[in-house]
Amino acid sequence: MTPKNSDPAPIVIAHRGASGLRPEHTLAAYDLAIEQGADFIEPDLVPTKDDVLVARHENAIADTTNVADHPEFAARRTSKTIDGQTITGWFVEDFTLAELKTLRAKERLPKLRPANTAYDGRFEIPTLAEIIALAKRRSAETGRTIGIYPETKHPTYFAGIGHPTDVKLVAELREAGWDSAAAPVFIQSFEVKNLQRLHTITKIRLIQLIDGEGGPADGAQPSYAAMITPVGLKAVAAFAYGIGPNKTMLWAGAKPSPLVANAHAAGLRVHPWTYRAENMFEPDRFRRGADPAAHGDIAAEIDAGLAQGIDGFFTDFPLYGAQARDRLRAGVK
């Protein structure tokens, strides 16, 4: 069966921007990703106290900003339980956008990516509106269509504290002129119910994220494992354009698992995450040396996924991704 809404594949999705080379979720990381050939840039979205969508991997921001260096915000350090996990720190939803704009981003993985720390303190936290504007401006400048691939983070949690994000996201995308399956946008979520709601209010393509263990935080399914059976994938196809599985799920040891074939049989596209260059994130067969921060053979790992027929992929290193995409499209092995 051919997946629905056929379009050029594979697509390169810059995971939090070119986050292997710049602090993640900054306009600098997104812009570098575009320069390196990414088709889509990926912002994880969380709401501020005044309900502005901004890009952070998590709503907890101690590891990705210099908030701890701001004495005026010391009293906002607190503990919260989010999706069953208790976290202590500072949280986006406790800051207005104006307050967040006084903070600066920093590298989240300084031990693995020490070169990125040279950019600590230089970049603001971007809003969704700023990211859309960047994608449109760079599309005009490059002559390529640069899309965005937002993830709704913890939608049930945010709805439960009075900051729902789904309708706000759709409204901003609609204001940008994006409200169809042809728009250069995918919306992704690890939860199920919010994607099902989004399916009723927008025609934008939806991606069900799936991990190799556990299950959706909203409890809509007993496990992710149940969602990747042929029956489970058919149910996902009722509201989603594709799935975004953990890349480990493509493999049974060194051999391909049936996931890609089963998803395609259900009419779903497959966009696995996340291809990173460091040995720490590489399977044994693609590691080079013993240093976890040294780069393994990310190009070979991406090529192995492409050989299975994946339709796109997330990567922290979009230059490697663009090179692999271009090799495939040119028929070069």
# chains A, B, ... in the order shown; residues from 1 in each chain; ligands from 1
>>> residues_around(residues="A:Ile131", least_positions_apart="6", cutoff="12 Å", atoms="only C-alpha atoms", output="PyMOL selection string")
chain A and resi 16-17+25-31+34+40-45+53-55+125+137-138+146-150+172-173+176
>>> residues_around(residues="A:Ser223", least_positions_apart="6", cutoff="10 Å", atoms="only C-alpha atoms", output="ChimeraX atom specification")
/A:210-217
>>> residues_around(residues="A:Gly121", least_positions_apart="6", cutoff="7 Å", atoms="only C-alpha atoms", output="number ranges by chain")
A: 104-106
>>> residues_around(residues="A:Arg113", least_positions_apart="4", cutoff="8 Å", atoms="only C-alpha atoms", output="NGL selection string")
:A and (20-21 or 107 or 109 or 117 or 293)
>>> write_last_selection(atoms="C-alpha atoms", output="mmCIF file, in the first residue's frame")
data_model
loop_
_atom_site.group_PDB
_atom_site.id
_atom_site.type_symbol
_atom_site.label_atom_id
_atom_site.label_comp_id
_atom_site.auth_asym_id
_atom_site.auth_seq_id
_atom_site.Cartn_x
_atom_site.Cartn_y
_atom_site.Cartn_z
ATOM 1 C CA GLY A 20 24.716 19.116 17.409
ATOM 2 C CA LEU A 21 26.445 22.395 16.573
ATOM 3 C CA GLU A 107 24.123 24.036 25.677
ATOM 4 C CA LEU A 109 24.913 18.550 26.767
ATOM 5 C CA THR A 117 29.298 26.110 25.054
ATOM 6 C CA ALA A 293 31.695 12.102 22.730
#
>>> closest_residue(among="A:Leu195, A:Ala98, A:Leu112, A:Ala62", to="A:Val167", atoms="only C-alpha atoms")
A:Leu195
>>> residues_around(residues="A:Ala261", least_positions_apart="4", cutoff="9 Å", atoms="only C-alpha atoms", output="list in words")
Ser257, Ala265, Ala266, Gln308 and Gly309 of chain A
>>> residues_around(residues="A:Ala307", least_positions_apart="6", cutoff="10 Å", atoms="only C-alpha atoms", output="ChimeraX atom specification")
/A:256,301,328
>>> residues_around(residues="A:Gln188", least_positions_apart="2", cutoff="9 Å", atoms="only C-alpha atoms", output="short mmCIF file (atom, residue, chain, number, x, y, z; two decimals) with C-alpha atoms, in the first residue's frame")
data_model
loop_
_atom_site.label_atom_id
_atom_site.label_comp_id
_atom_site.auth_asym_id
_atom_site.auth_seq_id
_atom_site.Cartn_x
_atom_site.Cartn_y
_atom_site.Cartn_z
CA TYR A 149 7.62 20.30 12.51
CA PRO A 150 6.30 21.38 15.93
CA GLU A 151 5.84 19.00 18.83
CA THR A 152 3.14 19.66 21.41
CA PHE A 186 3.70 18.41 10.56
CA PHE A 190 3.71 11.39 22.07
CA GLU A 191 0.14 11.59 23.32
CA LEU A 195 -3.71 14.34 18.03
CA ARG A 205 -0.56 16.39 8.78
CA LEU A 206 -0.19 14.73 12.17
CA ILE A 207 2.56 12.41 13.39
CA GLN A 208 2.12 9.96 16.24
CA LEU A 209 5.39 9.73 18.14
CA ILE A 243 4.49 7.72 12.95
CA GLY A 244 7.70 8.95 14.51
#
>>> atom_distance(atom1="atom CA of A:Pro272", atom2="atom CA of A:Lys247")
5.0 Å
>>> select_by_dssp(residues="stretch 245-331 of chain A", states="alpha helix (DSSP H)", output="PyMOL selection string")
chain A and resi 259-265+298-307+318-330
>>> closest_residue(among="A:Ala294, A:Ala159, A:Ile187, A:Ala252", to="A:Pro47", atoms="only C-alpha atoms")
A:Ala159
